[in-house]
Amino acid sequence: MTSEPRVIDCQEAARRLHELIDGELTPEVEGAVQRHLEDCAPCMAVYEFEEAFLRFVKLKAKGQTAPGDLKKRILGSLGLTSNSDNA
Ligand SMILES: [Zn+2]
């Protein structure tokens, strides 16, 4: 064990991305991942993609971004359509 600042590689950064996005990392690890992203364009690109994707999924889950038709289709695919015919 050392007290040096954590340095992580691309593999670890990739493993930590979802935890970073979900805010589940300790401040130390979060800082290490963010430093890596700032220095590593490919990992930053992956992070931005994952972050946008997860945000989209979460918003969609809340029904905030889906227009009526799309929302209906999503709910229909989940077997959750309401009984009302139309809006
Ligand atoms: Zn990297």
# chains A, B, ... in the order shown; residues from 1 in each chain; ligands from 1
>>> closest_atom_pairs(of="chain A", to="ligand 1", cutoff="9 Å", atoms="only C-alpha atoms and all ligand atoms", output="Markdown table")
| residue | atom | partner | partner_atom_place_in_ligand_line | distance |
| --- | --- | --- | --- | --- |
| A:Ile8 | CA | ligand 1 | 1 (Zn) | 8.4 |
| A:Asp9 | CA | ligand 1 | 1 (Zn) | 6.0 |
| A:Cys10 | CA | ligand 1 | 1 (Zn) | 3.6 |
| A:Gln11 | CA | ligand 1 | 1 (Zn) | 7.2 |
| A:Glu12 | CA | ligand 1 | 1 (Zn) | 8.5 |
| A:Ala13 | CA | ligand 1 | 1 (Zn) | 6.4 |
| A:Ala14 | CA | ligand 1 | 1 (Zn) | 7.6 |
| A:His36 | CA | ligand 1 | 1 (Zn) | 6.2 |
| A:Leu37 | CA | ligand 1 | 1 (Zn) | 6.4 |
| A:Asp39 | CA | ligand 1 | 1 (Zn) | 7.5 |
| A:Cys40 | CA | ligand 1 | 1 (Zn) | 4.6 |
| A:Ala41 | CA | ligand 1 | 1 (Zn) | 7.0 |
| A:Pro42 | CA | ligand 1 | 1 (Zn) | 6.1 |
| A:Cys43 | CA | ligand 1 | 1 (Zn) | 4.4 |
| A:Met44 | CA | ligand 1 | 1 (Zn) | 7.4 |
>>> atom_distance(atom1="CA of Pro27 (chain A)", atom2="CA of Tyr47 (chain A)")
17.6 Å
>>> atom_distance(atom1="CA of Ile74 (chain A)", atom2="CA of Val57 (chain A)")
11.8 Å
>>> closest_residue(among="A:Val7, A:Val29, A:Arg15, A:Ile21", to="Phe49 (chain A)", atoms="only C-alpha atoms")
A:Ile21
>>> atom_distance(atom1="CA of Ala32 (chain A)", atom2="CA of Arg6 (chain A)")
5.7 Å
>>> select_by_dssp(residues="chain A", states="alpha helix (DSSP H)", output="number ranges by chain")
A: 10-21, 27-39, 41-62, 68-77
>>> write_last_selection(atoms="C-alpha atoms", output="JSON list (two decimals), in the first residue's frame")
[["chain", "number", "residue", "atom", "x", "y", "z"],
["A", 10, "CYS", "CA", -7.83, 2.20, -19.41],
["A", 11, "GLN", "CA", -9.11, -1.19, -18.26],
["A", 12, "GLU", "CA", -9.87, 0.02, -14.78],
["A", 13, "ALA", "CA", -11.33, 3.26, -16.08],
["A", 14, "ALA", "CA", -13.69, 1.25, -18.27],
["A", 15, "ARG", "CA", -14.71, -0.89, -15.31],
["A", 16, "ARG", "CA", -15.39, 2.19, -13.20],
["A", 17, "LEU", "CA", -17.38, 4.18, -15.75],
["A", 18, "HIS", "CA", -20.82, 3.06, -14.65],
["A", 19, "GLU", "CA", -19.94, 3.51, -10.99],
["A", 20, "LEU", "CA", -18.65, 6.98, -11.77],
["A", 21, "ILE", "CA", -21.83, 7.88, -13.63],
["A", 27, "PRO", "CA", -13.89, 10.50, -3.84],
["A", 28, "GLU", "CA", -10.38, 9.09, -4.23],
["A", 29, "VAL", "CA", -11.32, 6.63, -6.97],
["A", 30, "GLU", "CA", -13.65, 9.09, -8.62],
["A", 31, "GLY", "CA", -10.81, 11.60, -8.82],
["A", 32, "ALA", "CA", -8.52, 8.97, -10.31],
["A", 33, "VAL", "CA", -11.04, 8.03, -12.96],
["A", 34, "GLN", "CA", -11.71, 11.65, -13.84],
["A", 35, "ARG", "CA", -8.00, 12.36, -14.12],
["A", 36, "HIS", "CA", -7.67, 9.41, -16.45],
["A", 37, "LEU", "CA", -10.57, 10.61, -18.59],
["A", 38, "GLU", "CA", -9.04, 14.06, -18.90],
["A", 39, "ASP", "CA", -5.81, 12.53, -20.18],
["A", 41, "ALA", "CA", -9.47, 10.85, -25.24],
["A", 42, "PRO", "CA", -10.71, 7.34, -26.10],
["A", 43, "CYS", "CA", -11.86, 6.71, -22.54],
["A", 44, "MET", "CA", -13.47, 10.15, -22.39],
["A", 45, "ALA", "CA", -15.37, 9.36, -25.57],
["A", 46, "VAL", "CA", -16.62, 6.11, -24.07],
["A", 47, "TYR", "CA", -17.55, 7.90, -20.86],
["A", 48, "GLU", "CA", -19.50, 10.59, -22.72],
["A", 49, "PHE", "CA", -21.33, 7.95, -24.71],
["A", 50, "GLU", "CA", -22.18, 5.87, -21.65],
["A", 51, "GLU", "CA", -23.22, 8.92, -19.68],
["A", 52, "ALA", "CA", -25.52, 10.15, -22.44],
["A", 53, "PHE", "CA", -26.92, 6.68, -22.94],
["A", 54, "LEU", "CA", -27.64, 6.10, -19.27],
["A", 55, "ARG", "CA", -29.19, 9.55, -18.94],
["A", 56, "PHE", "CA", -31.41, 8.78, -21.92],
["A", 57, "VAL", "CA", -32.47, 5.45, -20.43],
["A", 58, "LYS", "CA", -33.27, 7.03, -17.08],
["A", 59, "LEU", "CA", -35.30, 9.82, -18.64],
["A", 60, "LYS", "CA", -37.10, 7.33, -20.81],
["A", 61, "ALA", "CA", -37.89, 5.26, -17.74],
["A", 62, "LYS", "CA", -39.50, 8.33, -16.22],
["A", 68, "GLY", "CA", -46.98, 9.94, -26.82],
["A", 69, "ASP", "CA", -46.61, 7.43, -29.61],
["A", 70, "LEU", "CA", -43.15, 6.34, -28.65],
["A", 71, "LYS", "CA", -44.13, 6.06, -25.03],
["A", 72, "LYS", "CA", -47.09, 3.90, -25.99],
["A", 73, "ARG", "CA", -44.88, 1.66, -28.09],
["A", 74, "ILE", "CA", -42.41, 1.27, -25.26],
["A", 75, "LEU", "CA", -45.12, 0.55, -22.75],
["A", 76, "GLY", "CA", -46.76, -1.81, -25.24],
["A", 77, "SER", "CA", -43.55, -3.71, -25.67]]
>>> decode(residues="region 4-39 of chain A", atoms="N, CA and C atoms", output="PDB file, in the first residue's frame")
ATOM      1  N   GLU A   4       0.548   7.275  -2.528  1.00  0.00           N
ATOM      2  CA  GLU A   4       0.613   8.062  -3.754  1.00  0.00           C
ATOM      3  C   GLU A   4      -0.773   8.199  -4.369  1.00  0.00           C
ATOM      4  N   PRO A   5      -0.979   9.269  -5.130  1.00  0.00           N
ATOM      5  CA  PRO A   5      -2.270   9.418  -5.804  1.00  0.00           C
ATOM      6  C   PRO A   5      -2.528   8.213  -6.699  1.00  0.00           C
ATOM      7  N   ARG A   6      -3.738   7.778  -6.701  1.00  0.00           N
ATOM      8  CA  ARG A   6      -4.094   6.625  -7.524  1.00  0.00           C
ATOM      9  C   ARG A   6      -3.962   6.952  -8.993  1.00  0.00           C
ATOM     10  N   VAL A   7      -3.358   6.030  -9.714  1.00  0.00           N
ATOM     11  CA  VAL A   7      -3.343   6.127 -11.174  1.00  0.00           C
ATOM     12  C   VAL A   7      -3.969   4.861 -11.710  1.00  0.00           C
ATOM     13  N   ILE A   8      -4.880   5.007 -12.625  1.00  0.00           N
ATOM     14  CA  ILE A   8      -5.552   3.835 -13.159  1.00  0.00           C
ATOM     15  C   ILE A   8      -5.320   3.759 -14.658  1.00  0.00           C
ATOM     16  N   ASP A   9      -5.463   2.573 -15.195  1.00  0.00           N
ATOM     17  CA  ASP A   9      -5.282   2.393 -16.634  1.00  0.00           C
ATOM     18  C   ASP A   9      -6.642   2.339 -17.323  1.00  0.00           C
ATOM     19  N   CYS A  10      -6.600   2.168 -18.631  1.00  0.00           N
ATOM     20  CA  CYS A  10      -7.833   2.200 -19.411  1.00  0.00           C
ATOM     21  C   CYS A  10      -8.798   1.092 -18.978  1.00  0.00           C
ATOM     22  N   GLN A  11      -8.237  -0.076 -18.652  1.00  0.00           N
ATOM     23  CA  GLN A  11      -9.108  -1.187 -18.264  1.00  0.00           C
ATOM     24  C   GLN A  11      -9.882  -0.854 -17.002  1.00  0.00           C
ATOM     25  N   GLU A  12      -9.169  -0.305 -16.019  1.00  0.00           N
ATOM     26  CA  GLU A  12      -9.865   0.015 -14.776  1.00  0.00           C
ATOM     27  C   GLU A  12     -10.839   1.166 -15.004  1.00  0.00           C
ATOM     28  N   ALA A  13     -10.426   2.145 -15.796  1.00  0.00           N
ATOM     29  CA  ALA A  13     -11.326   3.257 -16.079  1.00  0.00           C
ATOM     30  C   ALA A  13     -12.624   2.739 -16.686  1.00  0.00           C
ATOM     31  N   ALA A  14     -12.496   1.796 -17.622  1.00  0.00           N
ATOM     32  CA  ALA A  14     -13.692   1.252 -18.267  1.00  0.00           C
ATOM     33  C   ALA A  14     -14.573   0.542 -17.248  1.00  0.00           C
ATOM     34  N   ARG A  15     -13.921  -0.172 -16.322  1.00  0.00           N
ATOM     35  CA  ARG A  15     -14.705  -0.894 -15.314  1.00  0.00           C
ATOM     36  C   ARG A  15     -15.415   0.068 -14.377  1.00  0.00           C
ATOM     37  N   ARG A  16     -14.842   1.253 -14.178  1.00  0.00           N
ATOM     38  CA  ARG A  16     -15.386   2.193 -13.197  1.00  0.00           C
ATOM     39  C   ARG A  16     -16.413   3.150 -13.789  1.00  0.00           C
ATOM     40  N   LEU A  17     -16.560   3.140 -15.114  1.00  0.00           N
ATOM     41  CA  LEU A  17     -17.383   4.177 -15.745  1.00  0.00           C
ATOM     42  C   LEU A  17     -18.798   4.213 -15.181  1.00  0.00           C
ATOM     43  N   HIS A  18     -19.440   3.062 -15.108  1.00  0.00           N
ATOM     44  CA  HIS A  18     -20.822   3.065 -14.646  1.00  0.00           C
ATOM     45  C   HIS A  18     -20.921   3.515 -13.197  1.00  0.00           C
ATOM     46  N   GLU A  19     -19.936   3.083 -12.397  1.00  0.00           N
ATOM     47  CA  GLU A  19     -19.945   3.510 -10.993  1.00  0.00           C
ATOM     48  C   GLU A  19     -19.740   5.018 -10.888  1.00  0.00           C
ATOM     49  N   LEU A  20     -18.880   5.540 -11.773  1.00  0.00           N
ATOM     50  CA  LEU A  20     -18.649   6.982 -11.774  1.00  0.00           C
ATOM     51  C   LEU A  20     -19.944   7.711 -12.129  1.00  0.00           C
ATOM     52  N   ILE A  21     -20.600   7.235 -13.170  1.00  0.00           N
ATOM     53  CA  ILE A  21     -21.831   7.881 -13.627  1.00  0.00           C
ATOM     54  C   ILE A  21     -22.897   7.797 -12.544  1.00  0.00           C
ATOM     55  N   ASP A  22     -22.929   6.688 -11.840  1.00  0.00           N
ATOM     56  CA  ASP A  22     -23.935   6.518 -10.796  1.00  0.00           C
ATOM     57  C   ASP A  22     -23.519   7.158  -9.473  1.00  0.00           C
ATOM     58  N   GLY A  23     -22.320   7.723  -9.439  1.00  0.00           N
ATOM     59  CA  GLY A  23     -21.861   8.375  -8.218  1.00  0.00           C
ATOM     60  C   GLY A  23     -21.583   7.405  -7.092  1.00  0.00           C
ATOM     61  N   GLU A  24     -21.137   6.197  -7.444  1.00  0.00           N
ATOM     62  CA  GLU A  24     -20.934   5.175  -6.418  1.00  0.00           C
ATOM     63  C   GLU A  24     -19.484   5.038  -5.980  1.00  0.00           C
ATOM     64  N   LEU A  25     -18.607   5.841  -6.563  1.00  0.00           N
ATOM     65  CA  LEU A  25     -17.191   5.708  -6.239  1.00  0.00           C
ATOM     66  C   LEU A  25     -16.826   6.545  -5.021  1.00  0.00           C
ATOM     67  N   THR A  26     -15.767   6.117  -4.348  1.00  0.00           N
ATOM     68  CA  THR A  26     -15.222   6.969  -3.298  1.00  0.00           C
ATOM     69  C   THR A  26     -14.585   8.185  -3.966  1.00  0.00           C
ATOM     70  N   PRO A  27     -14.479   9.285  -3.239  1.00  0.00           N
ATOM     71  CA  PRO A  27     -13.889  10.502  -3.841  1.00  0.00           C
ATOM     72  C   PRO A  27     -12.510  10.234  -4.420  1.00  0.00           C
ATOM     73  N   GLU A  28     -11.734   9.373  -3.763  1.00  0.00           N
ATOM     74  CA  GLU A  28     -10.379   9.086  -4.232  1.00  0.00           C
ATOM     75  C   GLU A  28     -10.419   8.404  -5.598  1.00  0.00           C
ATOM     76  N   VAL A  29     -11.250   7.378  -5.705  1.00  0.00           N
ATOM     77  CA  VAL A  29     -11.318   6.632  -6.969  1.00  0.00           C
ATOM     78  C   VAL A  29     -11.967   7.491  -8.042  1.00  0.00           C
ATOM     79  N   GLU A  30     -12.981   8.226  -7.659  1.00  0.00           N
ATOM     80  CA  GLU A  30     -13.648   9.092  -8.623  1.00  0.00           C
ATOM     81  C   GLU A  30     -12.655  10.089  -9.211  1.00  0.00           C
ATOM     82  N   GLY A  31     -11.820  10.663  -8.342  1.00  0.00           N
ATOM     83  CA  GLY A  31     -10.806  11.598  -8.823  1.00  0.00           C
ATOM     84  C   GLY A  31      -9.837  10.929  -9.779  1.00  0.00           C
ATOM     85  N   ALA A  32      -9.462   9.690  -9.455  1.00  0.00           N
ATOM     86  CA  ALA A  32      -8.518   8.970 -10.308  1.00  0.00           C
ATOM     87  C   ALA A  32      -9.133   8.701 -11.678  1.00  0.00           C
ATOM     88  N   VAL A  33     -10.385   8.309 -11.680  1.00  0.00           N
ATOM     89  CA  VAL A  33     -11.044   8.029 -12.962  1.00  0.00           C
ATOM     90  C   VAL A  33     -11.168   9.315 -13.766  1.00  0.00           C
ATOM     91  N   GLN A  34     -11.543  10.391 -13.109  1.00  0.00           N
ATOM     92  CA  GLN A  34     -11.706  11.648 -13.836  1.00  0.00           C
ATOM     93  C   GLN A  34     -10.381  12.151 -14.385  1.00  0.00           C
ATOM     94  N   ARG A  35      -9.305  11.962 -13.605  1.00  0.00           N
ATOM     95  CA  ARG A  35      -7.998  12.360 -14.125  1.00  0.00           C
ATOM     96  C   ARG A  35      -7.638  11.543 -15.351  1.00  0.00           C
ATOM     97  N   HIS A  36      -7.958  10.249 -15.298  1.00  0.00           N
ATOM     98  CA  HIS A  36      -7.668   9.406 -16.453  1.00  0.00           C
ATOM     99  C   HIS A  36      -8.463   9.882 -17.670  1.00  0.00           C
ATOM    100  N   LEU A  37      -9.732  10.186 -17.467  1.00  0.00           N
ATOM    101  CA  LEU A  37     -10.572  10.609 -18.590  1.00  0.00           C
ATOM    102  C   LEU A  37     -10.035  11.894 -19.216  1.00  0.00           C
ATOM    103  N   GLU A  38      -9.550  12.789 -18.361  1.00  0.00           N
ATOM    104  CA  GLU A  38      -9.036  14.055 -18.895  1.00  0.00           C
ATOM    105  C   GLU A  38      -7.795  13.841 -19.753  1.00  0.00           C
ATOM    106  N   ASP A  39      -7.050  12.789 -19.443  1.00  0.00           N
ATOM    107  CA  ASP A  39      -5.805  12.531 -20.175  1.00  0.00           C
ATOM    108  C   ASP A  39      -5.987  11.543 -21.318  1.00  0.00           C
TER     109      ASP A  39
END
